[in-house]
>>> print(open('input17.pdb').read())   # PDB, C-alpha atoms and all ligand atoms
MODEL        1
ATOM      1  CA  MET A  54     101.998  83.814 102.093
ATOM      2  CA  ASP A  55     100.134  84.718  98.901
ATOM      3  CA  ARG A  56     101.829  87.427  96.913
ATOM      4  CA  TYR A  57     100.185  90.561  95.426
ATOM      5  CA  ALA A  58     101.523  93.797  93.973
ATOM      6  CA  VAL A  59     100.629  97.075  92.350
ATOM      7  CA  ILE A  60     102.363  97.629  89.029
ATOM      8  CA  GLY A  61     102.852 101.058  87.466
ATOM      9  CA  ASN A  62     105.358 103.678  86.411
ATOM     10  CA  PRO A  63     105.942 105.618  88.558
ATOM     11  CA  VAL A  64     104.595 103.581  91.455
ATOM     12  CA  ALA A  65     106.629 104.658  94.490
ATOM     13  CA  HIS A  66     103.885 107.151  95.467
ATOM     14  CA  SER A  67     101.163 104.452  95.421
ATOM     15  CA  ARG A  68      99.205 104.003  98.629
ATOM     16  CA  SER A  69      97.981 100.560  97.586
ATOM     17  CA  PRO A  70     100.648  98.578  99.512
ATOM     18  CA  GLN A  71      99.718 100.373 102.728
ATOM     19  CA  ILE A  72      95.987  99.949 102.123
ATOM     20  CA  HIS A  73      96.218  96.229 101.335
ATOM     21  CA  ARG A  74      98.532  95.527 104.268
ATOM     22  CA  LEU A  75      96.000  97.189 106.574
ATOM     23  CA  PHE A  76      93.206  95.142 104.956
ATOM     24  CA  ALA A  77      95.234  91.931 105.434
ATOM     25  CA  GLU A  78      95.935  92.755 109.079
ATOM     26  CA  GLN A  79      92.260  93.470 109.714
ATOM     27  CA  THR A  80      90.901  90.356 107.997
ATOM     28  CA  GLY A  81      93.682  87.968 109.038
ATOM     29  CA  GLU A  82      94.383  87.106 105.395
ATOM     30  CA  LYS A  83      97.940  85.865 104.907
ATOM     31  CA  LEU A  84      99.435  87.864 102.076
ATOM     32  CA  THR A  85     102.225  90.175 101.044
ATOM     33  CA  TYR A  86     101.718  93.230  98.847
ATOM     34  CA  GLU A  87     104.497  95.182  97.159
ATOM     35  CA  ALA A  88     104.957  97.989  94.623
ATOM     36  CA  LEU A  89     106.498  96.955  91.292
ATOM     37  CA  GLU A  90     107.783  99.622  88.946
ATOM     38  CA  CYS A  91     108.352  98.439  85.400
ATOM     39  CA  ALA A  92     109.556 100.021  82.167
ATOM     40  CA  GLU A  93     106.888 100.770  79.558
ATOM     41  CA  GLY A  94     107.907  97.990  77.162
ATOM     42  CA  GLU A  95     108.207  95.351  79.901
ATOM     43  CA  PHE A  96     104.693  95.300  81.293
ATOM     44  CA  GLU A  97     103.497  91.964  79.925
ATOM     45  CA  GLN A  98     106.756  90.173  80.687
ATOM     46  CA  THR A  99     106.790  91.523  84.270
ATOM     47  CA  VAL A 100     103.182  90.442  84.868
ATOM     48  CA  ARG A 101     103.792  86.954  83.479
ATOM     49  CA  GLU A 102     106.967  86.516  85.541
ATOM     50  CA  PHE A 103     105.143  87.624  88.692
ATOM     51  CA  ALA A 104     102.370  85.098  87.997
ATOM     52  CA  ALA A 105     104.857  82.322  87.108
ATOM     53  CA  GLU A 106     106.653  82.894  90.433
ATOM     54  CA  GLY A 107     103.369  82.200  92.243
ATOM     55  CA  GLY A 108     101.906  85.712  92.412
ATOM     56  CA  LYS A 109      98.125  85.651  92.935
ATOM     57  CA  GLY A 110      97.060  89.074  91.732
ATOM     58  CA  MET A 111      97.993  92.628  90.862
ATOM     59  CA  ASN A 112      96.575  96.103  90.875
ATOM     60  CA  VAL A 113      97.432  98.059  87.764
ATOM     61  CA  THR A 114      97.955 101.780  87.688
ATOM     62  CA  LEU A 115      99.112 104.334  85.112
ATOM     63  CA  PRO A 116     100.200 103.872  82.406
ATOM     64  CA  PHE A 117      99.337 100.166  82.149
ATOM     65  CA  LYS A 118      95.556  99.923  82.560
ATOM     66  CA  LEU A 119      94.995  99.552  78.806
ATOM     67  CA  GLY A 120      97.903  97.121  78.469
ATOM     68  CA  ALA A 121      96.376  95.039  81.251
ATOM     69  CA  PHE A 122      93.071  94.970  79.385
ATOM     70  CA  ALA A 123      94.864  93.631  76.290
ATOM     71  CA  LEU A 124      96.642  90.783  78.046
ATOM     72  CA  CYS A 125      93.691  89.357  80.002
ATOM     73  CA  SER A 126      92.227  86.071  78.821
ATOM     74  CA  GLY A 127      88.944  86.868  80.600
ATOM     75  CA  LYS A 128      87.388  90.091  81.900
ATOM     76  CA  ASN A 129      84.408  90.988  84.046
ATOM     77  CA  GLU A 130      81.668  93.308  82.773
ATOM     78  CA  ALA A 131      83.105  96.386  84.488
ATOM     79  CA  ALA A 132      86.447  95.865  82.763
ATOM     80  CA  GLU A 133      84.838  95.161  79.370
ATOM     81  CA  LEU A 134      82.795  98.362  79.534
ATOM     82  CA  SER A 135      85.553 100.620  80.794
ATOM     83  CA  GLY A 136      88.146  99.239  78.366
ATOM     84  CA  ALA A 137      90.676  99.264  81.190
ATOM     85  CA  VAL A 138      91.759  96.815  83.884
ATOM     86  CA  ASN A 139      92.973  97.776  87.364
ATOM     87  CA  THR A 140      92.762  94.332  88.999
ATOM     88  CA  LEU A 141      94.458  91.180  87.716
ATOM     89  CA  SER A 142      93.901  87.711  89.148
ATOM     90  CA  PHE A 143      96.047  84.741  88.143
ATOM     91  CA  ALA A 144      94.485  81.318  87.870
ATOM     92  CA  GLY A 145      96.792  78.681  86.357
ATOM     93  CA  ASP A 146      97.949  80.192  83.084
ATOM     94  CA  LYS A 147      94.847  82.410  82.872
ATOM     95  CA  VAL A 148      94.934  86.129  83.599
ATOM     96  CA  LEU A 149      91.562  87.530  84.634
ATOM     97  CA  GLY A 150      90.832  91.262  84.603
ATOM     98  CA  GLY A 151      88.481  93.471  86.577
ATOM     99  CA  ASN A 152      87.899  97.172  87.019
ATOM    100  CA  THR A 153      86.884  98.292  90.492
ATOM    101  CA  ASP A 154      86.956 102.088  90.051
ATOM    102  CA  GLY A 155      83.221 102.476  89.437
ATOM    103  CA  ALA A 156      82.173 100.203  92.290
ATOM    104  CA  GLY A 157      84.626 102.039  94.543
ATOM    105  CA  LEU A 158      83.197 105.458  93.693
ATOM    106  CA  LEU A 159      79.603 104.297  94.156
ATOM    107  CA  HIS A 160      80.395 102.755  97.534
ATOM    108  CA  ASP A 161      81.994 105.989  98.680
ATOM    109  CA  LEU A 162      79.080 108.099  97.442
ATOM    110  CA  LYS A 163      76.266 105.902  98.688
ATOM    111  CA  VAL A 164      77.539 104.091 101.764
ATOM    112  CA  ASN A 165      80.114 106.524 103.162
ATOM    113  CA  HIS A 166      78.278 109.748 102.296
ATOM    114  CA  GLN A 167      74.607 108.737 101.866
ATOM    115  CA  ILE A 168      74.361 110.432  98.464
ATOM    116  CA  GLU A 169      71.388 109.237  96.423
ATOM    117  CA  LEU A 170      71.618 109.484  92.650
ATOM    118  CA  THR A 171      68.200 108.201  91.647
ATOM    119  CA  GLY A 172      66.308 110.864  89.694
ATOM    120  CA  LYS A 173      69.242 113.288  89.904
ATOM    121  CA  THR A 174      71.061 115.057  87.092
ATOM    122  CA  VAL A 175      74.701 113.995  87.260
ATOM    123  CA  LEU A 176      77.372 115.926  85.383
ATOM    124  CA  VAL A 177      80.584 114.012  84.678
ATOM    125  CA  LEU A 178      83.526 116.198  83.675
ATOM    126  CA  GLY A 179      86.079 114.368  81.532
ATOM    127  CA  ALA A 180      85.846 111.329  79.305
ATOM    128  CA  GLY A 181      89.084 109.492  80.001
ATOM    129  CA  GLY A 182      89.678 106.084  81.558
ATOM    130  CA  ALA A 183      88.320 106.919  85.012
ATOM    131  CA  ALA A 184      85.152 108.473  83.555
ATOM    132  CA  ARG A 185      84.541 105.329  81.467
ATOM    133  CA  GLY A 186      84.907 103.178  84.569
ATOM    134  CA  ILE A 187      82.240 105.038  86.528
ATOM    135  CA  MET A 188      79.577 105.400  83.810
ATOM    136  CA  LYS A 189      77.746 102.065  84.133
ATOM    137  CA  PRO A 190      77.649 102.081  87.963
ATOM    138  CA  LEU A 191      76.318 105.666  87.836
ATOM    139  CA  LEU A 192      73.617 104.733  85.309
ATOM    140  CA  ASP A 193      72.654 101.690  87.385
ATOM    141  CA  GLU A 194      71.478 104.151  90.064
ATOM    142  CA  LYS A 195      68.801 105.421  87.631
ATOM    143  CA  PRO A 196      69.676 109.125  87.570
ATOM    144  CA  ALA A 197      67.458 111.453  85.489
ATOM    145  CA  GLU A 198      70.458 111.743  83.160
ATOM    146  CA  VAL A 199      74.231 111.676  83.095
ATOM    147  CA  VAL A 200      75.665 114.628  81.185
ATOM    148  CA  VAL A 201      79.215 113.956  80.016
ATOM    149  CA  CYS A 202      81.322 116.985  79.210
ATOM    150  CA  ASN A 203      84.794 116.934  77.694
ATOM    151  CA  ARG A 204      87.167 119.249  75.830
ATOM    152  CA  LEU A 205      87.476 116.799  72.938
ATOM    153  CA  PRO A 206      83.815 116.467  71.925
ATOM    154  CA  TYR A 207      83.963 113.114  70.149
ATOM    155  CA  LYS A 208      84.628 111.257  73.411
ATOM    156  CA  PRO A 209      81.274 112.038  75.095
ATOM    157  CA  GLU A 210      79.582 111.002  71.837
ATOM    158  CA  GLU A 211      81.350 107.628  72.144
ATOM    159  CA  PHE A 212      80.128 107.415  75.734
ATOM    160  CA  ARG A 213      76.539 107.788  74.528
ATOM    161  CA  GLU A 214      77.072 104.987  71.999
ATOM    162  CA  THR A 215      78.578 102.646  74.612
ATOM    163  CA  PHE A 216      76.535 103.495  77.697
ATOM    164  CA  GLY A 217      73.256 104.832  76.257
ATOM    165  CA  GLN A 218      71.755 101.335  76.530
ATOM    166  CA  TYR A 219      72.042 101.525  80.343
ATOM    167  CA  GLY A 220      70.360 104.911  80.829
ATOM    168  CA  PRO A 221      70.126 108.485  79.532
ATOM    169  CA  VAL A 222      73.559 109.805  78.538
ATOM    170  CA  GLN A 223      73.824 113.374  77.276
ATOM    171  CA  PRO A 224      77.115 114.369  75.568
ATOM    172  CA  CYS A 225      78.086 118.017  76.021
ATOM    173  CA  THR A 226      80.854 120.551  75.500
ATOM    174  CA  TYR A 227      81.999 123.080  78.087
ATOM    175  CA  LEU A 228      80.589 125.932  75.978
ATOM    176  CA  ALA A 229      77.196 124.255  75.741
ATOM    177  CA  LEU A 230      77.010 123.783  79.524
ATOM    178  CA  LYS A 231      75.642 127.309  79.973
ATOM    179  CA  GLY A 232      72.065 127.015  81.211
ATOM    180  CA  HIS A 233      72.503 123.416  82.458
ATOM    181  CA  ARG A 234      71.872 122.604  86.129
ATOM    182  CA  ALA A 235      73.301 119.590  87.917
ATOM    183  CA  ASP A 236      72.567 117.987  91.286
ATOM    184  CA  VAL A 237      75.881 116.155  91.382
ATOM    185  CA  ILE A 238      79.092 117.163  89.608
ATOM    186  CA  ILE A 239      81.861 114.581  89.370
ATOM    187  CA  ASN A 240      85.255 115.809  88.254
ATOM    188  CA  ALA A 241      86.808 112.886  86.383
ATOM    189  CA  THR A 242      89.305 115.082  84.541
ATOM    190  CA  SER A 243      92.960 115.201  85.487
ATOM    191  CA  ALA A 244      92.775 119.024  85.638
ATOM    192  CA  SER A 245      93.218 119.104  89.434
ATOM    193  CA  VAL A 246      96.613 117.418  89.017
ATOM    194  CA  SER A 247      97.827 120.750  87.594
ATOM    195  CA  GLY A 248      95.696 122.887  89.910
ATOM    196  CA  VAL A 249      93.256 123.843  87.144
ATOM    197  CA  VAL A 250      89.430 123.763  87.118
ATOM    198  CA  PRO A 251      87.526 122.893  83.923
ATOM    199  CA  GLN A 252      85.655 125.914  82.533
ATOM    200  CA  LEU A 253      82.240 125.763  84.173
ATOM    201  CA  PRO A 254      79.476 128.368  84.054
ATOM    202  CA  ASP A 255      78.235 129.929  87.283
ATOM    203  CA  ASN A 256      74.996 128.559  88.749
ATOM    204  CA  ILE A 257      75.490 125.137  87.224
ATOM    205  CA  LEU A 258      75.278 123.451  90.630
ATOM    206  CA  VAL A 259      71.785 123.420  92.129
ATOM    207  CA  ALA A 260      71.376 124.718  95.686
ATOM    208  CA  GLY A 261      72.424 121.899  98.033
ATOM    209  CA  GLY A 262      74.223 120.117  95.184
ATOM    210  CA  VAL A 263      77.131 117.716  95.648
ATOM    211  CA  CYS A 264      80.637 117.879  94.154
ATOM    212  CA  TYR A 265      83.156 115.040  93.962
ATOM    213  CA  ASP A 266      86.722 115.264  92.654
ATOM    214  CA  LEU A 267      88.251 111.902  91.762
ATOM    215  CA  TYR A 268      91.629 113.452  92.481
ATOM    216  CA  TYR A 269      92.832 114.017  96.059
ATOM    217  CA  SER A 270      95.660 115.962  97.595
ATOM    218  CA  LYS A 271      96.975 117.232 100.905
ATOM    219  CA  THR A 272      94.801 120.344 100.745
ATOM    220  CA  ALA A 273      91.508 120.973  98.916
ATOM    221  CA  THR A 274      91.905 120.357  95.179
ATOM    222  CA  ALA A 275      91.323 123.174  92.698
ATOM    223  CA  PHE A 276      87.920 121.692  91.890
ATOM    224  CA  GLN A 277      87.020 121.446  95.589
ATOM    225  CA  GLN A 278      87.906 125.122  96.005
ATOM    226  CA  TRP A 279      85.565 125.947  93.107
ATOM    227  CA  ALA A 280      82.857 123.716  94.641
ATOM    228  CA  ALA A 281      83.154 125.534  97.973
ATOM    229  CA  GLU A 282      82.615 128.853  96.165
ATOM    230  CA  GLN A 283      79.476 127.371  94.550
ATOM    231  CA  GLY A 284      78.113 126.385  97.974
ATOM    232  CA  ALA A 285      78.259 122.590  97.506
ATOM    233  CA  SER A 286      76.534 120.828 100.393
ATOM    234  CA  LYS A 287      79.008 117.941 100.144
ATOM    235  CA  ASN A 288      82.452 118.576  98.695
ATOM    236  CA  LEU A 289      84.433 115.361  98.440
ATOM    237  CA  ASP A 290      87.768 114.178  97.084
ATOM    238  CA  GLY A 291      88.833 110.815  95.663
ATOM    239  CA  LEU A 292      90.577 109.360  98.710
ATOM    240  CA  GLY A 293      87.423 107.467  99.655
ATOM    241  CA  MET A 294      87.144 106.064  96.133
ATOM    242  CA  LEU A 295      90.784 104.978  96.295
ATOM    243  CA  VAL A 296      90.217 102.972  99.473
ATOM    244  CA  GLU A 297      86.880 101.564  98.287
ATOM    245  CA  GLN A 298      88.210 100.428  94.908
ATOM    246  CA  ALA A 299      91.028  98.701  96.805
ATOM    247  CA  ALA A 300      88.459  96.964  99.028
ATOM    248  CA  GLU A 301      86.690  95.746  95.871
ATOM    249  CA  SER A 302      89.980  94.320  94.539
ATOM    250  CA  PHE A 303      90.667  92.645  97.877
ATOM    251  CA  ASN A 304      87.214  91.084  97.715
ATOM    252  CA  ILE A 305      87.848  89.751  94.193
ATOM    253  CA  TRP A 306      91.084  88.111  95.371
ATOM    254  CA  ARG A 307      90.205  86.946  98.883
ATOM    255  CA  GLY A 308      86.395  86.712  98.905
ATOM    256  CA  VAL A 309      86.113  89.105 101.836
ATOM    257  CA  ARG A 310      85.401  92.845 101.680
ATOM    258  CA  PRO A 311      87.359  94.633 104.422
ATOM    259  CA  GLU A 312      85.967  97.414 106.602
ATOM    260  CA  THR A 313      87.244 100.646 105.118
ATOM    261  CA  ALA A 314      86.469 103.403 107.653
ATOM    262  CA  ALA A 315      89.586 103.012 109.826
ATOM    263  CA  VAL A 316      91.843 102.609 106.803
ATOM    264  CA  LEU A 317      90.427 105.730 105.195
ATOM    265  CA  GLN A 318      90.858 107.651 108.425
ATOM    266  CA  ALA A 319      94.498 106.545 108.742
ATOM    267  CA  LEU A 320      95.219 107.652 105.174
ATOM    268  CA  ARG A 321      93.419 110.956 105.647
ATOM    269  CA  GLU A 322      95.422 111.742 108.785
ATOM    270  CA  GLU A 323      98.661 110.836 107.053
ATOM    271  CA  LEU A 324      97.796 112.885 103.959
ATOM    272  CA  SER A 325      97.001 116.018 105.917
ATOM    273  CA  SER A 326      99.938 115.785 108.367
TER     274      SER A 326
HETATM  275  P1  LIG A 401      92.863 110.241  81.479
HETATM  276  O1  LIG A 401      94.189 110.776  81.082
HETATM  277  O2  LIG A 401      92.375 108.964  80.909
HETATM  278  O3  LIG A 401      91.741 111.358  81.154
HETATM  279  C1  LIG A 401      91.957 112.690  81.484
HETATM  280  C2  LIG A 401      90.688 113.498  81.227
HETATM  281  O4  LIG A 401      90.880 114.797  81.778
HETATM  282  C3  LIG A 401      90.353 113.686  79.749
HETATM  283  O5  LIG A 401      88.955 113.618  79.594
HETATM  284  C4  LIG A 401      90.871 115.107  79.470
HETATM  285  O6  LIG A 401      90.132 115.768  78.465
HETATM  286  C5  LIG A 401      90.563 115.763  80.793
HETATM  287  N1  LIG A 401      91.367 116.962  81.094
HETATM  288  C6  LIG A 401      92.684 117.025  81.381
HETATM  289  N2  LIG A 401      93.038 118.296  81.675
HETATM  290  C7  LIG A 401      91.914 119.053  81.565
HETATM  291  C8  LIG A 401      91.634 120.435  81.726
HETATM  292  N3  LIG A 401      92.588 121.307  82.073
HETATM  293  N4  LIG A 401      90.366 120.873  81.552
HETATM  294  C9  LIG A 401      89.383 120.004  81.201
HETATM  295  N5  LIG A 401      89.598 118.669  81.015
HETATM  296  C10 LIG A 401      90.849 118.205  81.208
HETATM  297  O7  LIG A 401      92.904 110.196  83.087
HETATM  298  P2  LIG A 401      92.066 109.226  84.052
HETATM  299  O8  LIG A 401      90.684 109.176  83.534
HETATM  300  O9  LIG A 401      92.800 107.969  84.263
HETATM  301  O10 LIG A 401      92.122 110.028  85.450
HETATM  302  C11 LIG A 401      91.347 111.189  85.656
HETATM  303  C12 LIG A 401      91.473 111.615  87.117
HETATM  304  O11 LIG A 401      90.890 110.639  87.970
HETATM  305  C13 LIG A 401      92.914 111.804  87.594
HETATM  306  O12 LIG A 401      92.991 112.965  88.410
HETATM  307  C14 LIG A 401      93.168 110.571  88.441
HETATM  308  O13 LIG A 401      94.120 110.806  89.461
HETATM  309  C15 LIG A 401      91.787 110.337  89.036
HETATM  310  N6  LIG A 401      91.544 108.928  89.436
HETATM  311  C16 LIG A 401      91.247 108.690  90.749
HETATM  312  C17 LIG A 401      90.984 107.415  91.186
HETATM  313  C18 LIG A 401      90.682 107.190  92.637
HETATM  314  O14 LIG A 401      90.626 106.029  93.070
HETATM  315  N7  LIG A 401      90.439 108.234  93.416
HETATM  316  C19 LIG A 401      91.019 106.255  90.276
HETATM  317  C20 LIG A 401      91.318 106.613  88.894
HETATM  318  C21 LIG A 401      91.573 107.915  88.513
HETATM  319  P3  LIG A 401      90.499 115.644  76.870
HETATM  320  O15 LIG A 401      90.029 114.296  76.436
HETATM  321  O16 LIG A 401      89.713 116.732  76.261
HETATM  322  O17 LIG A 401      91.998 115.816  76.789
ENDMDL
END
>>> encode(input="input17.pdb", output="structure tokens")
Amino acid sequence: MDRYAVIGNPVAHSRSPQIHRLFAEQTGEKLTYEALECAEGEFEQTVREFAAEGGKGMNVTLPFKLGAFALCSGKNEAAELSGAVNTLSFAGDKVLGGNTDGAGLLHDLKVNHQIELTGKTVLVLGAGGAARGIMKPLLDEKPAEVVVCNRLPYKPEEFRETFGQYGPVQPCTYLALKGHRADVIINATSASVSGVVPQLPDNILVAGGVCYDLYYSKTATAFQQWAAEQGASKNLDGLGMLVEQAAESFNIWRGVRPETAAVLQALREELSS
């Protein structure tokens, strides 16, 4: 049995073990997948021990995504651009890093929900790690522009420097959003974690516009409640992205991308029960 794990702190709440076990069952891949909690200063040692004991790969969650980036000997383009790694693969003494968040979000938007981004104005709220991870895949869809809005204004400026070469990136502040209109609003802030909505002007979402919160919870997130008030035609949370980014990791490790619909449905039922 090949061994995999998700490493984080805390990690007990992680749904990754359940998701990957369901993927393994479905595809017939022989593997085990566990949750590994490790102290902040012990990340590198824990990863290297896991690999030395024969571990094949790991998912990395908070607060170690930047630490994972630093210890990789090789990284794919998604990881390089996002500056964070959520998927580790061990090959001999090499540690290879990937970031599947952006691919996961795009799969959920396009394949699961038939949302087209080409020619659309996309507003990304937040400029943290998750926002970085989704920028290049969003720009690859050739939107009219991606407006990035954040409380700390220097971060969206950095986004323009990094991602401007892939498409039109417009840095913005919440105050300056007045008068803007967006077809798709993606909440990549952690505001929903504390039940808060970023300060958005009324009428920012076009009629029939789409809202997506990267966060998910048992009931509608604070941002989803706001989106419902704005009349969003599709009002989605991040559970689909979670399952799709896991499928991307599974594909990196095993060379097969599992079917996600049944897994997502099982998680959704469990979450809302
Ligand atoms: P970071 O800590 O890296 O970034 C947090 C961002 O949120 C920053 O831009 C911060 O702004 C902003 N922010 C926090 N509170 C507020 C607020 N009250 N109003 C406005 N902006 C706020 O977090 P991540 O990027 O790693 O995660 C962001 C979200 O994405 C989390 O909810 C996380 O759970 C979710 N996520 C979901 C995934 C999935 O698979 N569904 C995968 C990865 C993340 P500032 O810089 O100004 O402080």
>>> closest_residue(input="input17.pdb", among="A:His73, A:Lys147, A:Lys208, A:Lys189", to="ligand LIG 401 (chain A)", atoms="only C-alpha atoms and all ligand atoms")
A:Lys208
>>> resolve_selection(input="input17.pdb", expression="the PyMOL selection byres (((chain A and resi 104) around 9) and not hetatm)", output="number ranges by chain")
A: 99-103, 105-110, 142-146, 148
>>> write_last_selection(input="input17.pdb", atoms="C-alpha atoms", output="PDB file, in the coordinates of the input")
ATOM      1  CA  THR A  99     106.790  91.523  84.270  1.00  0.00           C
ATOM      2  CA  VAL A 100     103.182  90.442  84.868  1.00  0.00           C
ATOM      3  CA  ARG A 101     103.792  86.954  83.479  1.00  0.00           C
ATOM      4  CA  GLU A 102     106.967  86.516  85.541  1.00  0.00           C
ATOM      5  CA  PHE A 103     105.143  87.624  88.692  1.00  0.00           C
ATOM      6  CA  ALA A 105     104.857  82.322  87.108  1.00  0.00           C
ATOM      7  CA  GLU A 106     106.653  82.894  90.433  1.00  0.00           C
ATOM      8  CA  GLY A 107     103.369  82.200  92.243  1.00  0.00           C
ATOM      9  CA  GLY A 108     101.906  85.712  92.412  1.00  0.00           C
ATOM     10  CA  LYS A 109      98.125  85.651  92.935  1.00  0.00           C
ATOM     11  CA  GLY A 110      97.060  89.074  91.732  1.00  0.00           C
ATOM     12  CA  SER A 142      93.901  87.711  89.148  1.00  0.00           C
ATOM     13  CA  PHE A 143      96.047  84.741  88.143  1.00  0.00           C
ATOM     14  CA  ALA A 144      94.485  81.318  87.870  1.00  0.00           C
ATOM     15  CA  GLY A 145      96.792  78.681  86.357  1.00  0.00           C
ATOM     16  CA  ASP A 146      97.949  80.192  83.084  1.00  0.00           C
ATOM     17  CA  VAL A 148      94.934  86.129  83.599  1.00  0.00           C
TER      18      VAL A 148
END
>>> residues_near_ligand(input="input17.pdb", ligand="ligand LIG 401 (chain A)", cutoff="6 Å", atoms="only C-alpha atoms and all ligand atoms", output="list in words")
Asp154, Gly179, Ala180, Gly181, Gly182, Ala183, Ala184, Asn203, Arg204, Leu205, Ala241, Thr242, Ser243, Ala244, Val246, Val249, Pro251, Leu267, Tyr268, Gly291, Leu292, Met294 and Leu295 of chain A
>>> resolve_selection(input="input17.pdb", expression="the PyMOL selection byres (((chain A and resi 93-97) around 10) and not hetatm)", output="list in words")
Ile60, Gly61, Asn62, Glu90, Cys91, Ala92, Gln98, Thr99, Val100, Arg101, Glu102, Phe103, Pro116, Phe117, Gly120, Ala121, Ala123 and Leu124 of chain A
>>> resolve_selection(input="input17.pdb", expression="the PyMOL selection byres (((chain A and resi 193-200) around 6) and not hetatm)", output="PyMOL selection string")
chain A and resi 170-176+190-192+201+221-224
>>> atom_distance(input="input17.pdb", atom1="CA of Gly186 in chain A", atom2="CA of Val259 in chain A")
25.3 Å
>>> closest_residue(input="input17.pdb", among="A:Ser270, A:Ser325, A:Thr140, A:Asn304", to="Ala58 in chain A", atoms="all atoms listed in the file")
A:Thr140
>>> closest_residue(input="input17.pdb", among="A:Thr80, A:Gln298, A:Ser126, A:Thr274", to="Leu317 in chain A", atoms="all atoms listed in the file")
A:Gln298
>>> residues_around(input="input17.pdb", residues="His233 in chain A", least_positions_apart="5", cutoff="9 Å", atoms="all atoms listed in the file", output="ChimeraX atom specification")
/A:254,256-258
>>> axis_aligned_box(input="input17.pdb", around="range 103-106 of chain A", padding_each_side="5 Å", output="lines of an AutoDock Vina configuration file")
center_x = 104.5
center_y = 85.0
center_z = 88.8
size_x = 14.3
size_y = 15.3
size_z = 13.3
>>> atom_distance(input="input17.pdb", atom1="CA of Val177 in chain A", atom2="CA of Asn288 in chain A")
14.9 Å
>>> atom_distance(input="input17.pdb", atom1="CA of Ala88 in chain A", atom2="CA of Arg307 in chain A")
18.9 Å
>>> closest_residue(input="input17.pdb", among="A:Cys264, A:Ala77, A:Ala273, A:Cys125", to="Gly248 in chain A", atoms="all atoms listed in the file")
A:Ala273
>>> closest_residue(input="input17.pdb", among="A:Leu162, A:Leu230, A:Leu320, A:Ala131", to="Tyr265 in chain A", atoms="all atoms listed in the file")
A:Leu162
>>> closest_residue(input="input17.pdb", among="A:Leu141, A:Ile187, A:Leu134, A:Val164", to="Glu312 in chain A", atoms="all atoms listed in the file")
A:Val164
>>> residues_near_point(input="input17.pdb", point="(85.4, 127.2, 84.3)", cutoff="10 Å", atoms="all atoms listed in the file", output="count of residues only")
11
